[in-house]
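What follows is a short report on a single structure.
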Amino acid sequence: MRTFRTISIACIIALTTATASWAQNMNKLSPRSRIALSNAHDRGNGDTISAFINIDASFDKSEVEALGGRVTNIIGNVAAIRIDAAGIDKVAGIKGVKYVQTASRVNQFLDIAKQETGADFVQEGHDGVDSYTGKGVVVGIVDAGFDYTHAAFKDKDGKCRIKRVWEQASTPYGNYTSPEKYGYGIELDTDELIASALGDITNNSHGTHVTGIAAGYDSFREGTLNGTAPEADIVLVSMGESSRDNVNLTNAISYIYEYADEMGLPCVVNLSLGSHAGPHDGSSTFDQLADAMQGKGRLIVGSAGNHRSDKFHIEKVFSGADDKELRTFIFFKAGPSTTFNGQEVDIWGEEGTDFEVMLSVYNSAQGTESDSIVVFPTSTASQNITLGSNCIGTINIASETSPLNNKKHVLITSNLTGMKKNTDIAITIIPKSEGKVNVWADNVYAGLTSNGIEGFTAPTNESTIAEIGGTAKRILSVGAYTTRNEFTIENGGTSELMEQVGDISSFSSYGPTADGRTKPEITAPGCYIISAINNNDATGTIPVAYTFNGEDRTYKYGFMQGTSMSAPFVTGIVATWLQANAELTPEDVLGIATSTARQDEHTGEIDANGDNSWGYGKIDAFKGLVKCLEMKDAGCISINNGLDGSISLTGNSINIRFAKAASDNEVQIINAKGMIMTTFNLGNAKAGECRQLNIDTLPQGMYIIRFINGKDEKVLKIVR
């Protein structure tokens, strides 16, 4: 009997320990990770998924490999991994793993313009300034729908300017092997492999068009179809159709920078991709890694998104626990059906805001509600909920207080395959404290709606900026304005758009970010742009402007619109700036783009805080180039401590760019004898703000600039 009791107690202790360990591991999983784990177990699939894991110094990547996974990248305290979805909880149990986030999907954002922006002056040379074409700079494009052999990607001698290609979704075969570091997809690293592959996918021209805008070379129309950096080297990463997620995107940026490092060249990466999954405040893992990977000669340009008029976002500020609840419905854009599910709604509270989330079934014909269930707060595991007989299938919900920003977060995803007539899924957010809550639908598969029913809130199109490309603090985010509102296709057909030339494009997303920053920072032409299109694209959906007969094949150029087009327009411009000054930092480029931006009757007068539609105005490629050259001559000095930003001397001015909000700012100018010649009390400054200090009264000589910000200070030497 004593033996039996001893064994029983031991079993209980072991079971309790195992349960505690399981709960601890589940607490490390993001809501998306818990749902992925639940789906893997329910469906019995063995899908390989990508994930970010936050780690400390004790982490050993061999433990991931022991689980059948692979560490593809480590950037600071974050590792990117690939592993079977069913084993993601085991990763959380590895020593040194602090947090696990499975990947979220990203989506593509779908001649006159160069003249409009001064890019033709940059390429041709103007007003005593030499020609700049991006030569000696790497332009990286992460996208899909590439035509590797298009004439736009060759130089004037017909040699391919594409130096590397990584097809992330392709399977190795023959001579096509994976990049050694990453271990998936195939790498094309010779002219022969690139030429023989032809392209990546056959149902898309997006990547070809984007690359042509940034770095296309025109051998048919005397340069009128050139991109904005027609002599830049090109590195492409194809995300295909199945690998478009934020982890693979991070690996793609890293891959491009690694090539640039190998060649010793400056580099700018274009992201004409987007998503609305995330906190929209710059604190997501992708945003933090994108910011961390950038630096001198390492830049990223992103598209703001094409959702200006789309209504998929609700923001609610609760006055307290007694305030009225927020109610809305999930709008299923198609389906649900057995072939169309996976709709997502992402809910984020402001730090310190407490709330509950309830789901219920609403019968719009009868005005009745049933099957109500509180889904947040929830347990550490995801909930797989069946909502009554009127809904076929389940809904997955998982929640957390995110360790990235200390905000309460609820993710709702649909596995519904059908719903009966007059049936809707209602979301109710019940305040438990004062504070703000943001609700975003994915806006591809799901939206939000009030259905016109009293007591329910309709979404707005306020703050439609995209999470990827639009919210990171060091990515230069680009909106779009219209330079062409009608076009004639090759066969003579003409189309007109309800757009006003010179005005912001009707699709261009706008900010601010959830933490109040101005986004985008700049706008560029995005409607309608002529660029190369994929000869392998079998869809025939791109309006063709020109077809040219080359020696080996025909080459097509067509019209597309979107911030997907305005972003590469700026990417190529930034490449020419890097050719002029390879030491530019993200803060430098932000300062150049915003301080030289053009304002006109369409933008109106934009103050020092910027505008959430226009940023600081329209890109001016030539004025920006001149600024780059001035900064190079003056020696722009980056600040790497608490005074994040840059200081430069231009003529009679000291120019200060604040990368983040700062208070109690003071600048002292001290002569060689140690005497304070003048003091500028700058007070408080907002993130992205520029200050120009006039020093034309100072005689020529050597001076010390002492920049004081609270307890921090930076001392710089200048010669005037």
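So you can find residues: chains in the structure tokens are A, B, ... in the order shown, residues in each start at 1, and ligands are numbered from 1 in order.
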Near-Ser283 (chain A) list (9 Å; only C-alpha atoms; drop same-chain fewer than 5 positions) as a PyMOL selection string: chain A and resi 278+288+404-405+471-472
Exercise: region 606-619 of chain A partners within 10 Å, only C-alpha atoms, chain neighbours under 5 positions left out, as an NGL selection string: :A and (116-119 or 304 or 308 or 463 or 465 or 477-481 or 502-505 or 508-513 or 517-525 or 569-570 or 573 or 592-600 or 624 or 685-691)
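Residues in contact with Asp84 (chain A) at up to 10 Å, not including ones fewer than 5 positions away on its chain and judged by only C-alpha atoms, are Leu37, Ala40, Asn45, Gly46, Asp47, Thr48, Ile49, Ser50, Leu67, Gly68 and Gly69 of chain A.
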Include all heavy atoms and write out the residues we just selected as an mmCIF file, in the first residue's frame.
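Produced file part_21.cif, reproduced below:
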```cif
data_model
loop_
_atom_site.group_PDB
_atom_site.id
_atom_site.type_symbol
_atom_site.label_atom_id
_atom_site.label_comp_id
_atom_site.auth_asym_id
_atom_site.auth_seq_id
_atom_site.Cartn_x
_atom_site.Cartn_y
_atom_site.Cartn_z
ATOM 1 N N LEU A 37 -0.567 26.108 -34.068
ATOM 2 C CA LEU A 37 -0.388 24.831 -33.374
ATOM 3 C C LEU A 37 -1.705 24.078 -33.300
ATOM 4 O O LEU A 37 -1.766 22.867 -33.566
ATOM 5 C CB LEU A 37 0.168 25.085 -31.972
ATOM 6 C CG LEU A 37 0.374 23.862 -31.085
ATOM 7 C CD1 LEU A 37 1.449 22.956 -31.669
ATOM 8 C CD2 LEU A 37 0.752 24.295 -29.668
ATOM 9 N N ALA A 40 -2.601 22.704 -36.692
ATOM 10 C CA ALA A 40 -1.737 21.578 -37.055
ATOM 11 C C ALA A 40 -2.206 20.292 -36.383
ATOM 12 O O ALA A 40 -2.240 19.223 -36.994
ATOM 13 C CB ALA A 40 -0.289 21.884 -36.675
ATOM 14 N N ASN A 45 -1.742 18.044 -40.153
ATOM 15 C CA ASN A 45 -0.830 18.335 -41.260
ATOM 16 C C ASN A 45 0.600 18.442 -40.762
ATOM 17 O O ASN A 45 0.870 18.626 -39.590
ATOM 18 C CB ASN A 45 -1.237 19.624 -41.997
ATOM 19 C CG ASN A 45 -1.259 20.847 -41.085
ATOM 20 O OD1 ASN A 45 -0.519 20.918 -40.121
ATOM 21 N ND2 ASN A 45 -2.113 21.799 -41.412
ATOM 22 N N GLY A 46 1.529 18.319 -41.687
ATOM 23 C CA GLY A 46 2.942 18.446 -41.373
ATOM 24 C C GLY A 46 3.554 19.614 -42.102
ATOM 25 O O GLY A 46 4.685 19.550 -42.572
ATOM 26 N N ASP A 47 2.814 20.700 -42.212
ATOM 27 C CA ASP A 47 3.283 21.867 -42.949
ATOM 28 C C ASP A 47 4.486 22.492 -42.271
ATOM 29 O O ASP A 47 4.521 22.652 -41.052
ATOM 30 C CB ASP A 47 2.177 22.918 -43.056
ATOM 31 C CG ASP A 47 1.023 22.462 -43.943
ATOM 32 O OD1 ASP A 47 1.233 21.501 -44.708
ATOM 33 O OD2 ASP A 47 -0.055 23.070 -43.866
ATOM 34 N N THR A 48 5.467 22.870 -43.092
ATOM 35 C CA THR A 48 6.594 23.639 -42.586
ATOM 36 C C THR A 48 6.199 25.097 -42.540
ATOM 37 O O THR A 48 5.674 25.647 -43.501
ATOM 38 C CB THR A 48 7.821 23.469 -43.496
ATOM 39 O OG1 THR A 48 8.222 22.098 -43.491
ATOM 40 C CG2 THR A 48 8.983 24.321 -43.010
ATOM 41 N N ILE A 49 6.424 25.733 -41.393
ATOM 42 C CA ILE A 49 6.071 27.137 -41.243
ATOM 43 C C ILE A 49 7.307 27.929 -40.825
ATOM 44 O O ILE A 49 8.301 27.366 -40.353
ATOM 45 C CB ILE A 49 4.951 27.349 -40.208
ATOM 46 C CG1 ILE A 49 5.386 26.838 -38.823
ATOM 47 C CG2 ILE A 49 3.669 26.667 -40.641
ATOM 48 C CD1 ILE A 49 4.400 27.185 -37.727
ATOM 49 N N SER A 50 7.235 29.239 -41.026
ATOM 50 C CA SER A 50 8.305 30.138 -40.596
ATOM 51 C C SER A 50 7.894 30.824 -39.305
ATOM 52 O O SER A 50 6.708 31.016 -39.043
ATOM 53 C CB SER A 50 8.580 31.186 -41.674
ATOM 54 O OG SER A 50 8.962 30.582 -42.883
ATOM 55 N N LEU A 67 14.815 19.259 -33.255
ATOM 56 C CA LEU A 67 13.363 19.126 -33.419
ATOM 57 C C LEU A 67 12.970 19.023 -34.890
ATOM 58 O O LEU A 67 11.782 19.027 -35.211
ATOM 59 C CB LEU A 67 12.651 20.325 -32.779
ATOM 60 C CG LEU A 67 12.789 20.476 -31.260
ATOM 61 C CD1 LEU A 67 12.147 21.787 -30.797
ATOM 62 C CD2 LEU A 67 12.141 19.293 -30.542
ATOM 63 N N GLY A 68 13.968 18.931 -35.767
ATOM 64 C CA GLY A 68 13.691 18.838 -37.198
ATOM 65 C C GLY A 68 13.552 20.187 -37.870
ATOM 66 O O GLY A 68 13.139 20.271 -39.033
ATOM 67 N N GLY A 69 13.899 21.275 -37.154
ATOM 68 C CA GLY A 69 13.791 22.621 -37.713
ATOM 69 C C GLY A 69 15.125 23.143 -38.188
ATOM 70 O O GLY A 69 16.140 22.439 -38.188
#
```
Surrounding residues of Glu434 (chain A) excluding itself and chain neighbours under 2 positions, 10 Å, only C-alpha atoms, as a PyMOL selection string: chain A and resi 317-323+350+352-355+431-432+436-437
Contact residues around region 485-494 of chain A with only C-alpha atoms at 8 Å, ignoring same-chain residues under 3 positions, as a PyMOL selection string: chain A and resi 482+497-501+527-528+543-547
May I have the selected residues written with N, CA and C atoms, as a PDB file, in the first residue's frame?
```pdb
ATOM      1  N   THR A 482      -0.997  61.333 -58.580  1.00  0.00           N
ATOM      2  CA  THR A 482      -1.341  60.991 -59.961  1.00  0.00           C
ATOM      3  C   THR A 482      -0.623  61.894 -60.953  1.00  0.00           C
ATOM      4  N   LEU A 497      -9.455  57.612 -65.869  1.00  0.00           N
ATOM      5  CA  LEU A 497      -9.620  57.349 -64.448  1.00  0.00           C
ATOM      6  C   LEU A 497     -10.192  58.577 -63.766  1.00  0.00           C
ATOM      7  N   MET A 498     -10.942  58.354 -62.708  1.00  0.00           N
ATOM      8  CA  MET A 498     -11.492  59.460 -61.922  1.00  0.00           C
ATOM      9  C   MET A 498     -10.427  59.950 -60.941  1.00  0.00           C
ATOM     10  N   GLU A 499      -9.310  60.379 -61.486  1.00  0.00           N
ATOM     11  CA  GLU A 499      -8.203  60.901 -60.694  1.00  0.00           C
ATOM     12  C   GLU A 499      -7.859  62.290 -61.211  1.00  0.00           C
ATOM     13  N   GLN A 500      -7.341  63.144 -60.363  1.00  0.00           N
ATOM     14  CA  GLN A 500      -6.920  64.473 -60.764  1.00  0.00           C
ATOM     15  C   GLN A 500      -5.406  64.517 -60.838  1.00  0.00           C
ATOM     16  N   VAL A 501      -4.879  64.904 -62.003  1.00  0.00           N
ATOM     17  CA  VAL A 501      -3.439  64.977 -62.179  1.00  0.00           C
ATOM     18  C   VAL A 501      -2.850  65.961 -61.169  1.00  0.00           C
ATOM     19  N   CYS A 527       0.386  56.648 -60.362  1.00  0.00           N
ATOM     20  CA  CYS A 527      -0.811  56.439 -61.182  1.00  0.00           C
ATOM     21  C   CYS A 527      -0.719  57.327 -62.430  1.00  0.00           C
ATOM     22  N   TYR A 528      -0.772  56.755 -63.570  1.00  0.00           N
ATOM     23  CA  TYR A 528      -0.479  55.415 -64.024  1.00  0.00           C
ATOM     24  C   TYR A 528       0.964  55.410 -64.492  1.00  0.00           C
ATOM     25  N   PRO A 543      -2.554  46.296 -69.024  1.00  0.00           N
ATOM     26  CA  PRO A 543      -2.708  47.066 -70.260  1.00  0.00           C
ATOM     27  C   PRO A 543      -1.340  47.347 -70.883  1.00  0.00           C
ATOM     28  N   VAL A 544      -1.145  46.929 -72.127  1.00  0.00           N
ATOM     29  CA  VAL A 544       0.150  47.044 -72.788  1.00  0.00           C
ATOM     30  C   VAL A 544       0.271  48.399 -73.484  1.00  0.00           C
ATOM     31  N   ALA A 545       1.344  49.109 -73.176  1.00  0.00           N
ATOM     32  CA  ALA A 545       1.598  50.402 -73.820  1.00  0.00           C
ATOM     33  C   ALA A 545       2.450  50.238 -75.071  1.00  0.00           C
ATOM     34  N   TYR A 546       3.504  49.397 -74.975  1.00  0.00           N
ATOM     35  CA  TYR A 546       4.423  49.213 -76.094  1.00  0.00           C
ATOM     36  C   TYR A 546       4.883  47.762 -76.145  1.00  0.00           C
ATOM     37  N   THR A 547       5.102  47.270 -77.358  1.00  0.00           N
ATOM     38  CA  THR A 547       5.762  45.988 -77.581  1.00  0.00           C
ATOM     39  C   THR A 547       6.919  46.221 -78.539  1.00  0.00           C
TER      40      THR A 547
END
```
Test item, strand (DSSP E) assignment across region 423-466 of chain A, answer as JSON, numbers by chain: {"A": [423, 424, 425, 426, 427, 428, 429, 430, 431, 435, 436, 437, 438, 439, 440, 441, 446, 447, 448, 449]}
Neighbour list for region 53-55 of chain A as a PyMOL selection string, cut-off 12 Å, only C-alpha atoms, skip fewer than 3 positions in-chain: chain A and resi 28-30+33+50+58-61+64+71-83+88-89+91-103+247+284-286+288-289+403-404
Saved selection, atoms kept: C-alpha atoms, as an mmCIF file, in the first residue's frame:
```
data_model
loop_
_atom_site.group_PDB
_atom_site.id
_atom_site.type_symbol
_atom_site.label_atom_id
_atom_site.label_comp_id
_atom_site.auth_asym_id
_atom_site.auth_seq_id
_atom_site.Cartn_x
_atom_site.Cartn_y
_atom_site.Cartn_z
ATOM 1 C CA LYS A 28 5.670 32.067 -24.827
ATOM 2 C CA LEU A 29 3.574 31.557 -27.973
ATOM 3 C CA SER A 30 2.021 34.519 -29.752
ATOM 4 C CA SER A 33 1.499 30.654 -32.987
ATOM 5 C CA SER A 50 8.305 30.138 -40.596
ATOM 6 C CA SER A 58 21.934 30.865 -23.801
ATOM 7 C CA PHE A 59 20.082 29.870 -26.985
ATOM 8 C CA ASP A 60 21.667 27.035 -28.999
ATOM 9 C CA LYS A 61 20.369 26.637 -32.545
ATOM 10 C CA VAL A 64 15.924 23.691 -33.041
ATOM 11 C CA VAL A 71 17.568 28.452 -37.964
ATOM 12 C CA THR A 72 17.751 30.530 -41.133
ATOM 13 C CA ASN A 73 18.868 33.853 -39.664
ATOM 14 C CA ILE A 74 19.835 35.536 -36.394
ATOM 15 C CA ILE A 75 19.566 39.312 -36.106
ATOM 16 C CA GLY A 76 20.332 40.666 -32.654
ATOM 17 C CA ASN A 77 18.112 38.843 -30.158
ATOM 18 C CA VAL A 78 15.726 37.459 -32.797
ATOM 19 C CA ALA A 79 16.140 34.248 -34.805
ATOM 20 C CA ALA A 80 14.169 33.253 -37.894
ATOM 21 C CA ILE A 81 13.347 29.544 -38.076
ATOM 22 C CA ARG A 82 11.509 26.992 -40.224
ATOM 23 C CA ILE A 83 9.859 24.010 -38.527
ATOM 24 C CA ILE A 88 6.126 25.012 -32.542
ATOM 25 C CA ASP A 89 5.260 24.528 -28.852
ATOM 26 C CA VAL A 91 10.476 25.385 -29.669
ATOM 27 C CA ALA A 92 9.062 27.471 -26.805
ATOM 28 C CA GLY A 93 10.573 24.969 -24.366
ATOM 29 C CA ILE A 94 14.119 25.395 -25.678
ATOM 30 C CA LYS A 95 16.517 27.104 -23.277
ATOM 31 C CA GLY A 96 16.993 30.760 -24.167
ATOM 32 C CA VAL A 97 13.733 31.103 -26.143
ATOM 33 C CA LYS A 98 11.642 33.971 -24.756
ATOM 34 C CA TYR A 99 8.838 34.369 -27.306
ATOM 35 C CA VAL A 100 7.650 32.602 -30.483
ATOM 36 C CA GLN A 101 5.723 34.261 -33.325
ATOM 37 C CA THR A 102 4.715 32.300 -36.400
ATOM 38 C CA ALA A 103 4.770 34.311 -39.614
ATOM 39 C CA VAL A 247 9.711 35.997 -41.630
ATOM 40 C CA SER A 284 6.283 44.456 -34.286
ATOM 41 C CA THR A 285 9.222 42.083 -34.632
ATOM 42 C CA PHE A 286 9.412 42.740 -38.370
ATOM 43 C CA GLN A 288 12.149 46.251 -35.186
ATOM 44 C CA LEU A 289 14.315 43.979 -37.356
ATOM 45 C CA PRO A 403 5.996 41.190 -24.634
ATOM 46 C CA LEU A 404 6.939 43.438 -27.570
#
```
Every residue of region 89-316 of chain A that DSSP places in helix (DSSP H, G or I), as a VMD selection string: chain A and resid 89 to 92 112 to 117 119 to 124 151 to 153 191 to 197 206 to 215 246 to 263 285 to 293
Length of the CA of Gln561 (chain A) to CA of Gly274 (chain A) vector [Å]: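 Spanning CA of Gln561 (chain A) to CA of Gly274 (chain A) is a straight-line distance of 15.4 Å.
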